[in-house]
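Have a look at work.txt below; it lists compact mmCIF, N, CA and C atoms.
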# COMPACT_ATOMS: atom_id res chain seq x y z
N MET A 721 15.85 55.23 34.62
CA MET A 721 14.60 54.86 34.01
C MET A 721 14.13 53.47 34.46
N PHE A 722 15.06 52.53 34.57
CA PHE A 722 14.69 51.16 34.95
C PHE A 722 15.15 50.80 36.37
N ARG A 723 15.52 51.78 37.17
CA ARG A 723 16.06 51.51 38.50
C ARG A 723 15.12 50.67 39.35
N ASP A 724 13.84 51.04 39.43
CA ASP A 724 12.90 50.28 40.26
C ASP A 724 12.66 48.88 39.70
N ALA A 725 12.51 48.77 38.40
CA ALA A 725 12.30 47.45 37.80
C ALA A 725 13.53 46.56 38.01
N TYR A 726 14.72 47.12 37.90
CA TYR A 726 15.94 46.36 38.14
C TYR A 726 16.00 45.87 39.58
N ALA A 727 15.53 46.68 40.49
CA ALA A 727 15.57 46.31 41.91
C ALA A 727 14.49 45.31 42.28
N ARG A 728 13.31 45.39 41.65
CA ARG A 728 12.16 44.62 42.14
C ARG A 728 11.40 43.79 41.12
N ARG A 729 11.61 44.04 39.84
CA ARG A 729 10.76 43.39 38.84
C ARG A 729 11.61 42.79 37.71
N ARG A 730 12.40 41.80 38.08
CA ARG A 730 13.23 41.10 37.09
C ARG A 730 12.50 39.84 36.64
N CYS A 731 12.72 39.46 35.38
CA CYS A 731 12.08 38.27 34.83
C CYS A 731 13.05 37.57 33.89
N LEU A 732 12.66 36.36 33.50
CA LEU A 732 13.41 35.58 32.51
C LEU A 732 12.63 35.60 31.20
N VAL A 733 13.33 35.77 30.10
CA VAL A 733 12.69 35.82 28.78
C VAL A 733 13.29 34.69 27.93
N PRO A 734 12.54 33.61 27.72
CA PRO A 734 13.07 32.50 26.91
C PRO A 734 12.95 32.80 25.41
N ALA A 735 13.88 32.25 24.65
CA ALA A 735 13.86 32.44 23.19
C ALA A 735 14.64 31.32 22.52
N ASP A 736 14.26 31.03 21.29
CA ASP A 736 15.03 30.08 20.48
C ASP A 736 16.25 30.75 19.86
N ALA A 737 16.08 32.02 19.51
CA ALA A 737 17.13 32.77 18.82
C ALA A 737 16.82 34.26 18.95
N PHE A 738 17.75 35.09 18.52
CA PHE A 738 17.50 36.52 18.40
C PHE A 738 18.18 37.01 17.13
N TYR A 739 17.87 38.23 16.75
CA TYR A 739 18.38 38.79 15.50
C TYR A 739 19.29 39.99 15.80
N GLU A 740 20.29 40.12 14.97
CA GLU A 740 21.11 41.33 14.92
C GLU A 740 21.35 41.66 13.46
N TRP A 741 21.60 42.95 13.20
CA TRP A 741 21.79 43.41 11.83
C TRP A 741 23.22 43.89 11.68
N GLN A 742 23.95 43.26 10.77
CA GLN A 742 25.32 43.64 10.47
C GLN A 742 25.29 44.75 9.43
N VAL A 743 25.97 45.85 9.72
CA VAL A 743 26.01 46.97 8.78
C VAL A 743 27.11 46.70 7.76
N LEU A 744 26.71 46.67 6.50
CA LEU A 744 27.62 46.44 5.38
C LEU A 744 27.55 47.64 4.43
N ALA A 745 28.47 47.74 3.53
CA ALA A 745 28.45 48.83 2.55
C ALA A 745 27.19 48.79 1.70
N THR A 746 26.63 47.60 1.53
CA THR A 746 25.43 47.44 0.70
C THR A 746 24.13 47.56 1.50
N GLY A 747 24.22 47.77 2.80
CA GLY A 747 23.03 47.87 3.65
C GLY A 747 23.17 47.00 4.89
N LYS A 748 22.07 46.75 5.56
CA LYS A 748 22.08 45.94 6.78
C LYS A 748 21.66 44.50 6.47
N GLN A 749 22.48 43.56 6.90
CA GLN A 749 22.19 42.14 6.71
C GLN A 749 21.74 41.54 8.04
N PRO A 750 20.49 41.04 8.12
CA PRO A 750 20.05 40.41 9.36
C PRO A 750 20.66 39.02 9.55
N HIS A 751 20.97 38.72 10.79
CA HIS A 751 21.50 37.41 11.18
C HIS A 751 20.66 36.88 12.33
N ALA A 752 20.42 35.59 12.34
CA ALA A 752 19.83 34.92 13.50
C ALA A 752 20.97 34.39 14.34
N ILE A 753 20.74 34.37 15.65
CA ILE A 753 21.77 33.93 16.60
C ILE A 753 21.11 32.98 17.58
N ALA A 754 21.73 31.82 17.78
CA ALA A 754 21.23 30.82 18.72
C ALA A 754 22.42 30.21 19.46
N ARG A 755 22.10 29.48 20.50
CA ARG A 755 23.15 28.78 21.25
C ARG A 755 23.72 27.66 20.38
N GLN A 756 25.00 27.48 20.45
CA GLN A 756 25.67 26.41 19.72
C GLN A 756 25.20 25.04 20.20
N ASP A 757 24.90 24.91 21.49
CA ASP A 757 24.51 23.62 22.05
C ASP A 757 23.03 23.29 21.82
N GLY A 758 22.27 24.19 21.18
CA GLY A 758 20.87 23.95 20.87
C GLY A 758 19.91 24.22 22.01
N ALA A 759 20.42 24.55 23.18
CA ALA A 759 19.55 24.86 24.32
C ALA A 759 18.85 26.19 24.08
N PRO A 760 17.71 26.39 24.71
CA PRO A 760 17.06 27.70 24.59
C PRO A 760 17.91 28.80 25.20
N LEU A 761 17.76 29.99 24.67
CA LEU A 761 18.35 31.18 25.27
C LEU A 761 17.42 31.66 26.37
N VAL A 762 17.97 32.20 27.43
CA VAL A 762 17.17 32.82 28.48
C VAL A 762 17.80 34.17 28.77
N PHE A 763 17.04 35.24 28.45
CA PHE A 763 17.53 36.60 28.61
C PHE A 763 17.11 37.16 29.96
N GLY A 764 17.94 38.04 30.50
CA GLY A 764 17.56 38.79 31.68
C GLY A 764 16.60 39.90 31.26
N GLY A 765 15.44 39.94 31.88
CA GLY A 765 14.45 40.94 31.53
C GLY A 765 13.98 41.72 32.74
N LEU A 766 13.32 42.83 32.47
CA LEU A 766 12.69 43.67 33.49
C LEU A 766 11.25 43.88 33.06
N TRP A 767 10.32 43.81 34.01
CA TRP A 767 8.92 44.02 33.65
C TRP A 767 8.36 45.22 34.38
N GLU A 768 7.30 45.74 33.81
CA GLU A 768 6.65 46.93 34.36
C GLU A 768 5.15 46.81 34.13
N GLY A 769 4.39 47.43 34.97
CA GLY A 769 2.95 47.52 34.79
C GLY A 769 2.53 48.98 34.87
N TRP A 770 1.63 49.38 34.03
CA TRP A 770 1.14 50.76 34.07
C TRP A 770 -0.34 50.76 33.72
N ARG A 771 -1.02 51.79 34.16
CA ARG A 771 -2.46 51.89 33.96
C ARG A 771 -2.75 52.73 32.72
N ALA A 772 -3.50 52.12 31.79
CA ALA A 772 -3.89 52.79 30.56
C ALA A 772 -5.03 53.77 30.85
N PRO A 773 -5.32 54.68 29.93
CA PRO A 773 -6.42 55.63 30.13
C PRO A 773 -7.76 54.96 30.42
N ASP A 774 -7.98 53.75 29.90
CA ASP A 774 -9.24 53.05 30.18
C ASP A 774 -9.21 52.32 31.52
N ARG A 775 -8.14 52.54 32.31
CA ARG A 775 -7.96 51.97 33.65
C ARG A 775 -7.49 50.52 33.63
N SER A 776 -7.29 49.92 32.46
CA SER A 776 -6.75 48.57 32.42
C SER A 776 -5.25 48.62 32.72
N VAL A 777 -4.73 47.53 33.26
CA VAL A 777 -3.30 47.45 33.56
C VAL A 777 -2.59 46.80 32.38
N ILE A 778 -1.57 47.48 31.89
CA ILE A 778 -0.76 47.00 30.78
C ILE A 778 0.56 46.51 31.35
N ARG A 779 0.90 45.29 31.05
CA ARG A 779 2.19 44.72 31.46
C ARG A 779 3.13 44.73 30.25
N SER A 780 4.35 45.15 30.46
CA SER A 780 5.34 45.16 29.39
C SER A 780 6.68 44.73 29.96
N PHE A 781 7.62 44.44 29.09
CA PHE A 781 8.95 44.06 29.56
C PHE A 781 10.00 44.55 28.58
N THR A 782 11.22 44.53 29.05
CA THR A 782 12.36 44.86 28.21
C THR A 782 13.44 43.81 28.47
N ILE A 783 14.29 43.63 27.50
CA ILE A 783 15.43 42.72 27.63
C ILE A 783 16.66 43.56 27.93
N VAL A 784 17.40 43.18 28.95
CA VAL A 784 18.61 43.90 29.34
C VAL A 784 19.72 43.52 28.37
N THR A 785 20.52 44.50 27.96
CA THR A 785 21.62 44.23 27.04
C THR A 785 22.96 44.54 27.70
N THR A 786 24.00 44.03 27.08
CA THR A 786 25.37 44.23 27.53
C THR A 786 26.28 44.28 26.30
N SER A 787 27.56 44.38 26.51
CA SER A 787 28.51 44.34 25.39
C SER A 787 28.45 42.98 24.71
N ALA A 788 28.72 42.96 23.43
CA ALA A 788 28.72 41.70 22.69
C ALA A 788 29.94 40.86 23.06
N CYS A 789 29.73 39.55 23.05
CA CYS A 789 30.86 38.63 23.23
C CYS A 789 31.71 38.65 21.96
N PRO A 790 32.94 38.16 22.03
CA PRO A 790 33.82 38.21 20.85
C PRO A 790 33.21 37.58 19.58
N THR A 791 32.46 36.50 19.72
CA THR A 791 31.86 35.84 18.55
C THR A 791 30.87 36.74 17.84
N LEU A 792 30.11 37.53 18.60
CA LEU A 792 29.04 38.34 18.02
C LEU A 792 29.46 39.77 17.70
N ARG A 793 30.59 40.20 18.20
CA ARG A 793 31.04 41.57 18.00
C ARG A 793 31.13 41.99 16.53
N PRO A 794 31.50 41.10 15.60
CA PRO A 794 31.51 41.53 14.19
C PRO A 794 30.11 41.89 13.66
N LEU A 795 29.06 41.37 14.31
CA LEU A 795 27.70 41.66 13.86
C LEU A 795 27.15 42.92 14.51
N HIS A 796 27.39 43.08 15.82
CA HIS A 796 26.79 44.19 16.57
C HIS A 796 27.58 44.38 17.86
N GLU A 797 27.58 45.59 18.38
CA GLU A 797 28.35 45.89 19.59
C GLU A 797 27.66 45.47 20.88
N ARG A 798 26.35 45.15 20.82
CA ARG A 798 25.60 44.78 22.02
C ARG A 798 24.92 43.44 21.81
N MET A 799 24.51 42.83 22.91
CA MET A 799 23.75 41.58 22.87
C MET A 799 22.89 41.50 24.12
N PRO A 800 21.86 40.66 24.11
CA PRO A 800 21.08 40.49 25.34
C PRO A 800 21.92 39.86 26.44
N VAL A 801 21.57 40.14 27.68
CA VAL A 801 22.17 39.44 28.82
C VAL A 801 21.58 38.03 28.79
N VAL A 802 22.44 37.03 28.58
CA VAL A 802 22.03 35.63 28.52
C VAL A 802 22.37 35.01 29.87
N LEU A 803 21.34 34.47 30.53
CA LEU A 803 21.51 33.89 31.86
C LEU A 803 21.52 32.37 31.78
N GLU A 804 22.41 31.76 32.54
CA GLU A 804 22.48 30.31 32.66
C GLU A 804 21.57 29.86 33.80
N PRO A 805 21.10 28.61 33.78
CA PRO A 805 20.18 28.13 34.83
C PRO A 805 20.67 28.40 36.26
N LYS A 806 21.97 28.29 36.49
CA LYS A 806 22.49 28.53 37.85
C LYS A 806 22.29 29.99 38.29
N ASP A 807 22.12 30.91 37.32
CA ASP A 807 21.96 32.34 37.63
C ASP A 807 20.50 32.74 37.83
N TRP A 808 19.57 31.89 37.44
CA TRP A 808 18.15 32.26 37.48
C TRP A 808 17.67 32.63 38.88
N PRO A 809 17.99 31.85 39.94
CA PRO A 809 17.49 32.22 41.28
C PRO A 809 17.97 33.60 41.73
N LEU A 810 19.22 33.93 41.45
CA LEU A 810 19.73 35.25 41.82
C LEU A 810 19.01 36.33 41.03
N TRP A 811 18.88 36.14 39.71
CA TRP A 811 18.22 37.15 38.87
C TRP A 811 16.77 37.37 39.31
N LEU A 812 16.09 36.30 39.69
CA LEU A 812 14.68 36.41 40.07
C LEU A 812 14.49 36.86 41.52
N GLY A 813 15.56 37.04 42.27
CA GLY A 813 15.46 37.48 43.66
C GLY A 813 15.18 36.36 44.64
N GLU A 814 15.29 35.12 44.20
CA GLU A 814 15.10 33.98 45.10
C GLU A 814 16.32 33.75 45.97
N GLU A 815 17.46 34.28 45.54
CA GLU A 815 18.70 34.28 46.31
C GLU A 815 19.17 35.73 46.39
N THR A 816 19.90 36.05 47.43
CA THR A 816 20.45 37.40 47.54
C THR A 816 21.89 37.39 47.05
N GLY A 817 22.31 38.52 46.55
CA GLY A 817 23.67 38.66 46.07
C GLY A 817 23.77 39.80 45.08
N ASP A 818 24.98 39.99 44.60
CA ASP A 818 25.29 41.06 43.66
C ASP A 818 24.90 40.63 42.24
N LEU A 819 24.05 41.40 41.59
CA LEU A 819 23.62 41.11 40.22
C LEU A 819 24.63 41.54 39.16
N SER A 820 25.51 42.46 39.50
CA SER A 820 26.38 43.04 38.47
C SER A 820 27.22 42.01 37.72
N PRO A 821 27.68 40.91 38.33
CA PRO A 821 28.43 39.93 37.52
C PRO A 821 27.59 39.26 36.43
N LEU A 822 26.27 39.31 36.56
CA LEU A 822 25.41 38.70 35.54
C LEU A 822 25.26 39.60 34.31
N LEU A 823 25.64 40.86 34.44
CA LEU A 823 25.47 41.84 33.35
C LEU A 823 26.70 41.89 32.45
N ARG A 824 27.16 40.71 32.07
CA ARG A 824 28.38 40.61 31.27
C ARG A 824 28.07 39.83 29.99
N PRO A 825 28.96 39.92 28.99
CA PRO A 825 28.74 39.13 27.78
C PRO A 825 28.73 37.63 28.12
N SER A 826 27.87 36.90 27.49
CA SER A 826 27.77 35.46 27.73
C SER A 826 29.01 34.74 27.25
N THR A 827 29.35 33.68 27.97
CA THR A 827 30.46 32.82 27.54
C THR A 827 29.95 31.57 26.81
N ALA A 828 28.63 31.47 26.63
CA ALA A 828 28.06 30.35 25.89
C ALA A 828 28.54 30.42 24.44
N GLY A 829 28.60 29.30 23.80
CA GLY A 829 28.93 29.28 22.37
C GLY A 829 27.69 29.66 21.56
N PHE A 830 27.89 30.42 20.51
CA PHE A 830 26.78 30.86 19.66
C PHE A 830 27.06 30.48 18.23
N ARG A 831 25.98 30.24 17.48
CA ARG A 831 26.07 30.06 16.04
C ARG A 831 25.23 31.16 15.41
N THR A 832 25.67 31.62 14.25
CA THR A 832 24.96 32.69 13.56
C THR A 832 24.75 32.27 12.11
N TRP A 833 23.69 32.78 11.51
CA TRP A 833 23.44 32.54 10.10
C TRP A 833 22.63 33.71 9.54
N LYS A 834 22.86 33.98 8.26
CA LYS A 834 22.14 35.05 7.57
C LYS A 834 20.69 34.62 7.36
N VAL A 835 19.78 35.58 7.56
CA VAL A 835 18.35 35.34 7.31
C VAL A 835 17.84 36.44 6.39
N GLY A 836 16.64 36.23 5.87
CA GLY A 836 16.05 37.19 4.94
C GLY A 836 15.60 38.47 5.62
N THR A 837 15.34 39.46 4.82
CA THR A 837 14.95 40.78 5.33
C THR A 837 13.50 40.86 5.81
N ASP A 838 12.75 39.76 5.71
CA ASP A 838 11.39 39.77 6.26
C ASP A 838 11.41 40.02 7.77
N VAL A 839 12.53 39.75 8.43
CA VAL A 839 12.61 40.01 9.88
C VAL A 839 12.58 41.51 10.18
N ASN A 840 12.74 42.34 9.16
CA ASN A 840 12.75 43.79 9.37
C ASN A 840 11.36 44.37 9.65
N ASN A 841 10.32 43.58 9.49
CA ASN A 841 8.95 44.07 9.67
C ASN A 841 8.29 43.29 10.80
N VAL A 842 7.87 43.99 11.86
CA VAL A 842 7.28 43.33 13.04
C VAL A 842 5.97 42.62 12.71
N ARG A 843 5.33 42.96 11.60
CA ARG A 843 4.10 42.27 11.22
C ARG A 843 4.36 40.84 10.75
N ASN A 844 5.60 40.55 10.39
CA ASN A 844 5.95 39.19 9.97
C ASN A 844 6.25 38.36 11.20
N ASP A 845 5.58 37.22 11.31
CA ASP A 845 5.73 36.35 12.47
C ASP A 845 5.55 34.92 12.02
N SER A 846 6.66 34.26 11.74
CA SER A 846 6.60 32.91 11.21
C SER A 846 7.93 32.20 11.53
N PRO A 847 7.88 30.89 11.73
CA PRO A 847 9.14 30.15 11.91
C PRO A 847 10.04 30.26 10.69
N ASP A 848 9.47 30.56 9.54
CA ASP A 848 10.26 30.70 8.32
C ASP A 848 11.26 31.85 8.39
N LEU A 849 11.04 32.79 9.31
CA LEU A 849 11.97 33.90 9.45
C LEU A 849 13.37 33.43 9.85
N LEU A 850 13.45 32.27 10.48
CA LEU A 850 14.74 31.74 10.91
C LEU A 850 15.45 30.94 9.80
N ALA A 851 14.82 30.80 8.64
CA ALA A 851 15.43 30.02 7.55
C ALA A 851 16.68 30.73 7.03
N PRO A 852 17.77 29.99 6.87
CA PRO A 852 19.00 30.60 6.32
C PRO A 852 18.80 31.04 4.87
N VAL A 853 19.50 32.09 4.50
CA VAL A 853 19.50 32.54 3.10
C VAL A 853 20.91 32.39 2.53

Show me, as structure tokens, the structure contained in the file I just sent.
Amino acid sequence: MFRDAYARRRCLVPADAFYEWQVLATGKQPHAIARQDGAPLVFGGLWEGWRAPDRSVIRSFTIVTTSACPTLRPLHERMPVVLEPKDWPLWLGEETGDLSPLLRPSTAGFRTWKVGTDVNNVRNDSPDLLAPV
């Protein structure tokens, strides 16, 4: 499904944090996840363009995922591919080489904290979503 985008249309997706939901007996508890060092996260992404019925071009992207690192595994089995600055030229195709080593769990340190369930609705968009509960 993403073979052509993986080969030709890779991008970087910056973020302050991301969310995962831990499954508990009482339901799903959302957690925010950020780098321990406070640096922005940069995810490996793939982009695509397609033509809508009105002939306009729609651009979209997806974030590539991999197995969770040991720190995040108690929350979820997968995590985004987190790229370090030294990996950006290879990911973007500015350097040649094998991409497969980049598709591994990140070794960066992460911090996690519980957040409110307002993150469960895509209509909610506020910095307050990252507030610990």

Output, as AutoDock Vina command-line options, the centre and edge lengths in Å (one decimal) of the axis-aligned box that contains all listed atoms of range 738-748 of chain A with 3 Å of margin on each side.
--center_x 23.0 --center_y 42.0 --center_z 9.6 --size_x 17.0 --size_y 19.7 --size_z 23.8

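If you count all atoms listed in the file and ignore residues fewer than 4 places along the chain from Gln756 in chain A, what sits within 8 Å of it is Ala828, Gly829, Phe830, Arg831 and Thr832 of chain A.
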
Among the residues A:Asp818, A:Trp833, A:Asp774, A:Leu823, the one that comes closest to Val802 in chain A [using only C-alpha atoms] | A:Leu823

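Of the listed residues (A:Asn841, A:Trp811, A:Val733, A:Ala759), A:Val733 comes nearest to Ile783 in chain A; the distances count only N, CA and C atoms.
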
Could you list, as a PDB file with N, CA and C atoms, keeping the file's coordinate frame, every residue within 6 Å of Arg798 in chain A, counting only C-alpha atoms and ignoring same-chain residues fewer than 4 positions away?
ATOM      1  N   THR A 786      24.000  44.030  27.080  1.00  0.00           N
ATOM      2  CA  THR A 786      25.370  44.230  27.530  1.00  0.00           C
ATOM      3  C   THR A 786      26.280  44.280  26.300  1.00  0.00           C
ATOM      4  N   SER A 787      27.560  44.380  26.510  1.00  0.00           N
ATOM      5  CA  SER A 787      28.510  44.340  25.390  1.00  0.00           C
ATOM      6  C   SER A 787      28.450  42.980  24.710  1.00  0.00           C
ATOM      7  N   ALA A 788      28.720  42.960  23.430  1.00  0.00           N
ATOM      8  CA  ALA A 788      28.720  41.700  22.690  1.00  0.00           C
ATOM      9  C   ALA A 788      29.940  40.860  23.060  1.00  0.00           C
TER      10      ALA A 788
END
